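**Q** What follows is work.tsv; its format and atoms are TSV, N, CA and C atoms.
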```tsv
chain	number	residue	atom	x	y	z
A	1	MET	N	204.32	130.31	214.14
A	1	MET	CA	205.19	129.31	213.56
A	1	MET	C	206.41	129.13	214.47
A	2	LYS	N	206.75	127.90	214.72
A	2	LYS	CA	207.92	127.57	215.54
A	2	LYS	C	209.02	127.03	214.61
A	3	ILE	N	210.22	127.59	214.75
A	3	ILE	CA	211.35	127.18	213.92
A	3	ILE	C	212.32	126.36	214.77
A	4	TYR	N	212.79	125.24	214.23
A	4	TYR	CA	213.66	124.33	214.96
A	4	TYR	C	215.09	124.25	214.43
A	5	ILE	N	215.53	125.26	213.72
A	5	ILE	CA	216.87	125.23	213.14
A	5	ILE	C	217.94	125.09	214.22
A	6	GLU	N	217.83	125.88	215.28
A	6	GLU	CA	218.84	125.83	216.33
A	6	GLU	C	218.91	124.44	216.97
A	7	LYS	N	217.77	123.83	217.19
A	7	LYS	CA	217.72	122.48	217.79
A	7	LYS	C	218.54	121.51	216.95
A	8	TYR	N	218.30	121.46	215.65
A	8	TYR	CA	219.02	120.53	214.78
A	8	TYR	C	220.49	120.93	214.63
A	9	ARG	N	220.76	122.21	214.57
A	9	ARG	CA	222.14	122.67	214.44
A	9	ARG	C	222.96	122.22	215.64
A	10	LEU	N	222.41	122.39	216.84
A	10	LEU	CA	223.13	121.99	218.05
A	10	LEU	C	223.25	120.48	218.15
A	11	GLU	N	222.20	119.75	217.77
A	11	GLU	CA	222.26	118.28	217.79
A	11	GLU	C	223.39	117.76	216.90
A	12	LYS	N	223.63	118.46	215.80
A	12	LYS	CA	224.66	118.04	214.86
A	12	LYS	C	226.02	118.64	215.18
A	13	GLY	N	226.08	119.42	216.26
A	13	GLY	CA	227.35	119.99	216.70
A	13	GLY	C	227.90	121.07	215.79
A	14	LEU	N	227.02	121.79	215.12
A	14	LEU	CA	227.45	122.84	214.19
A	14	LEU	C	227.35	124.22	214.82
A	15	SER	N	228.35	125.03	214.58
A	15	SER	CA	228.30	126.43	214.98
A	15	SER	C	227.48	127.19	213.93
A	16	LEU	N	227.12	128.41	214.25
A	16	LEU	CA	226.45	129.25	213.25
A	16	LEU	C	227.34	129.42	212.02
A	17	ASN	N	228.64	129.60	212.25
A	17	ASN	CA	229.56	129.77	211.12
A	17	ASN	C	229.59	128.56	210.21
A	18	LYS	N	229.64	127.36	210.80
A	18	LYS	CA	229.68	126.13	209.99
A	18	LYS	C	228.39	125.95	209.20
A	19	LEU	N	227.25	126.22	209.85
A	19	LEU	CA	225.97	126.10	209.14
A	19	LEU	C	225.90	127.13	208.02
A	20	SER	N	226.39	128.32	208.28
A	20	SER	CA	226.41	129.35	207.26
A	20	SER	C	227.24	128.91	206.05
A	21	GLU	N	228.42	128.38	206.32
A	21	GLU	CA	229.29	127.91	205.23
A	21	GLU	C	228.62	126.79	204.44
A	22	ALA	N	227.99	125.86	205.14
A	22	ALA	CA	227.38	124.70	204.48
A	22	ALA	C	226.12	125.06	203.70
A	23	SER	N	225.40	126.07	204.17
A	23	SER	CA	224.12	126.43	203.54
A	23	SER	C	224.21	127.59	202.57
A	24	GLY	N	225.23	128.42	202.72
A	24	GLY	CA	225.31	129.62	201.90
A	24	GLY	C	224.42	130.75	202.39
A	25	VAL	N	223.92	130.62	203.61
A	25	VAL	CA	223.06	131.63	204.22
A	25	VAL	C	223.90	132.39	205.26
A	26	ALA	N	223.81	133.70	205.27
A	26	ALA	CA	224.62	134.53	206.16
A	26	ALA	C	224.38	134.17	207.63
A	27	VAL	N	225.45	134.21	208.41
A	27	VAL	CA	225.38	133.94	209.84
A	27	VAL	C	224.32	134.83	210.49
A	28	SER	N	224.33	136.11	210.17
A	28	SER	CA	223.38	137.04	210.79
A	28	SER	C	221.93	136.68	210.46
A	29	HIS	N	221.71	136.17	209.26
A	29	HIS	CA	220.36	135.78	208.85
A	29	HIS	C	219.91	134.54	209.63
A	30	ILE	N	220.78	133.54	209.73
A	30	ILE	CA	220.45	132.33	210.49
A	30	ILE	C	220.18	132.70	211.95
A	31	HIS	N	221.03	133.53	212.52
A	31	HIS	CA	220.86	133.94	213.91
A	31	HIS	C	219.51	134.65	214.10
A	32	SER	N	219.16	135.53	213.20
A	32	SER	CA	217.88	136.25	213.29
A	32	SER	C	216.70	135.29	213.21
A	33	ILE	N	216.82	134.25	212.38
A	33	ILE	CA	215.76	133.24	212.28
A	33	ILE	C	215.67	132.47	213.59
A	34	GLU	N	216.81	132.05	214.11
A	34	GLU	CA	216.82	131.29	215.36
A	34	GLU	C	216.26	132.09	216.53
A	35	MET	N	216.49	133.39	216.54
A	35	MET	CA	216.00	134.24	217.62
A	35	MET	C	214.53	134.62	217.44
A	36	GLY	N	213.95	134.27	216.29
A	36	GLY	CA	212.55	134.58	216.04
A	36	GLY	C	212.31	135.97	215.49
A	37	ASN	N	213.38	136.63	215.07
A	37	ASN	CA	213.26	137.98	214.52
A	37	ASN	C	212.92	137.99	213.03
A	38	LYS	N	213.18	136.88	212.35
A	38	LYS	CA	212.86	136.75	210.93
A	38	LYS	C	212.22	135.40	210.69
A	39	VAL	N	211.37	135.35	209.68
A	39	VAL	CA	210.78	134.09	209.22
A	39	VAL	C	211.47	133.75	207.90
A	40	PRO	N	212.03	132.54	207.80
A	40	PRO	CA	212.76	132.21	206.58
A	40	PRO	C	211.84	132.00	205.38
A	41	THR	N	212.35	132.33	204.21
A	41	THR	CA	211.63	131.99	202.99
A	41	THR	C	211.78	130.49	202.77
A	42	ILE	N	210.99	129.94	201.89
A	42	ILE	CA	211.09	128.51	201.57
A	42	ILE	C	212.48	128.20	201.02
A	43	THR	N	213.02	129.09	200.21
A	43	THR	CA	214.34	128.88	199.64
A	43	THR	C	215.41	128.79	200.72
A	44	ILE	N	215.38	129.71	201.67
A	44	ILE	CA	216.35	129.70	202.77
A	44	ILE	C	216.15	128.46	203.62
A	45	LEU	N	214.91	128.13	203.93
A	45	LEU	CA	214.62	126.95	204.73
A	45	LEU	C	215.17	125.68	204.06
A	46	CYS	N	215.01	125.59	202.75
A	46	CYS	CA	215.51	124.42	202.01
A	46	CYS	C	217.03	124.37	202.02
A	47	LYS	N	217.70	125.50	201.89
A	47	LYS	CA	219.16	125.53	201.94
A	47	LYS	C	219.67	125.06	203.30
A	48	ILE	N	219.02	125.53	204.35
A	48	ILE	CA	219.43	125.16	205.70
A	48	ILE	C	219.13	123.68	205.96
A	49	ALA	N	217.97	123.21	205.51
A	49	ALA	CA	217.60	121.81	205.68
A	49	ALA	C	218.61	120.90	204.98
A	50	LYS	N	219.00	121.26	203.78
A	50	LYS	CA	219.97	120.47	203.04
A	50	LYS	C	221.31	120.42	203.78
A	51	ALA	N	221.74	121.56	204.30
A	51	ALA	CA	223.00	121.62	205.04
A	51	ALA	C	222.94	120.80	206.33
A	52	LEU	N	221.76	120.74	206.95
A	52	LEU	CA	221.57	119.96	208.18
A	52	LEU	C	221.25	118.49	207.89
A	53	ASN	N	220.99	118.18	206.63
A	53	ASN	CA	220.62	116.84	206.20
A	53	ASN	C	219.34	116.35	206.89
A	54	VAL	N	218.35	117.24	206.92
A	54	VAL	CA	217.03	116.90	207.46
A	54	VAL	C	215.96	117.39	206.48
A	55	PRO	N	214.78	116.78	206.48
A	55	PRO	CA	213.70	117.28	205.64
A	55	PRO	C	213.32	118.71	206.07
A	56	ALA	N	213.05	119.56	205.11
A	56	ALA	CA	212.68	120.95	205.42
A	56	ALA	C	211.48	120.99	206.36
A	57	ALA	N	210.55	120.06	206.21
A	57	ALA	CA	209.34	120.05	207.06
A	57	ALA	C	209.68	119.83	208.53
A	58	ASP	N	210.83	119.25	208.82
A	58	ASP	CA	211.23	119.03	210.22
A	58	ASP	C	211.70	120.31	210.90
A	59	LEU	N	211.97	121.33	210.13
A	59	LEU	CA	212.53	122.56	210.67
A	59	LEU	C	211.50	123.57	211.17
A	60	PHE	N	210.22	123.27	210.99
A	60	PHE	CA	209.21	124.21	211.47
A	60	PHE	C	207.92	123.48	211.84
A	61	SER	N	207.12	124.17	212.62
A	61	SER	CA	205.80	123.69	212.99
A	61	SER	C	204.84	124.86	212.86
A	62	CYS	N	203.67	124.59	212.35
A	62	CYS	CA	202.68	125.65	212.22
A	62	CYS	C	201.95	125.92	213.53
A	63	ASP	N	202.16	125.06	214.52
A	63	ASP	CA	201.58	125.29	215.85
A	63	ASP	C	202.39	126.33	216.58
A	64	ASP	N	201.71	127.18	217.33
A	64	ASP	CA	202.41	128.20	218.12
A	64	ASP	C	202.96	127.60	219.31
```
As C-alpha cells, please, write out the structure in this file.
**A**
Amino acid sequence: MKIYIEKYRLEKGLSLNKLSEASGVAVSHIHSIEMGNKVPTITILCKIAKALNVPAADLFSCDD
C-alpha cells in the first residue's frame, strides 16, 4: 500500500504540526505513517483526509 499524505500535506503548504492540529492526530503518528512505519486505520485516514480537504481514497493506493 502506498500512502500519499505527505504529498498532499506539502502541496497544501502544511507542516506536520498544522496537519496534526487540524486533524487531531498526533504529529508522531502522522510522521510514522508518512515514513511507512505505520499503516493508518480508516478512522485516522478519514481525519487526515478531512483536514487536507481531499477524498480519503486519494490518500492511498493499493498498488505497491
**Q** Skipping near chain neighbours, those fewer than 6 positions away, what residues fall within 12 Å of Gly24 of chain A using only C-alpha atoms, listed as a PyMOL selection string?
**A** chain A and resi 16-18+30+43-51
**Q** With distances taken over only C-alpha atoms, which residue among A:Lys38, A:Ser32, A:Ser23, A:Val54 lies nearest Met1 of chain A?
**A**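 Looking only at the distances to Met1 of chain A, the closest residue turns out to be A:Lys38.
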**Q** Suppose you want the space between atom CA of Ile5 of chain A and atom CA of Ala56 of chain A; what is it in Å?
**A**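 Spanning atom CA of Ile5 of chain A to atom CA of Ala56 of chain A is a straight-line distance of 9.8 Å.
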**Q** Could you tell me which of A:Thr41, A:Leu59, A:Leu52, A:Gly36 comes closest to Glu21 of chain A if we count only C-alpha atoms?
**A** A:Leu52
**Q** Which of segment 11-55 of chain A end up as helix (DSSP H, G or I) when DSSP is run on this backbone - answer as a PyMOL selection string?
**A** chain A and resi 11+16-23+27-34+42-52
**Q** Enumerate the residues of chain A with a DSSP assignment of strand (DSSP E), computed from the backbone, and present them as a VMD selection string.
**A** chain A and resid 2 to 3 60 to 61
**Q** Name the residues, using the chain letters and numbers of the file, that sit within 7 Å of (214.5, 126.3, 214.8) when counting only N, CA and C atoms, and give them as a PyMOL selection string.
**A** chain A and resi 2-8+33-34+59-60
**Q** Distance atom CA of Ser20 of chain A-atom CA of Ile42 of chain A, one decimal place?
**A**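 One can read the atom CA of Ser20 of chain A to atom CA of Ile42 of chain A distance as 16.4 Å.
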**Q** Pick from A:Asp63, A:Pro55, A:Val25, A:Gly13: nearest to Pro40 of chain A, with only C-alpha atoms counted?
**A**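 Of A:Asp63, A:Pro55, A:Val25, A:Gly13, the one nearest Pro40 of chain A is A:Val25, counting only C-alpha atoms.
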**Q** I'd like the interatomic distance between atom CA of Ser15 of chain A and atom C of Cys62 of chain A, to a tenth of an Å.
**A**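 Atom C of Cys62 of chain A lies 26.4 Å from atom CA of Ser15 of chain A.
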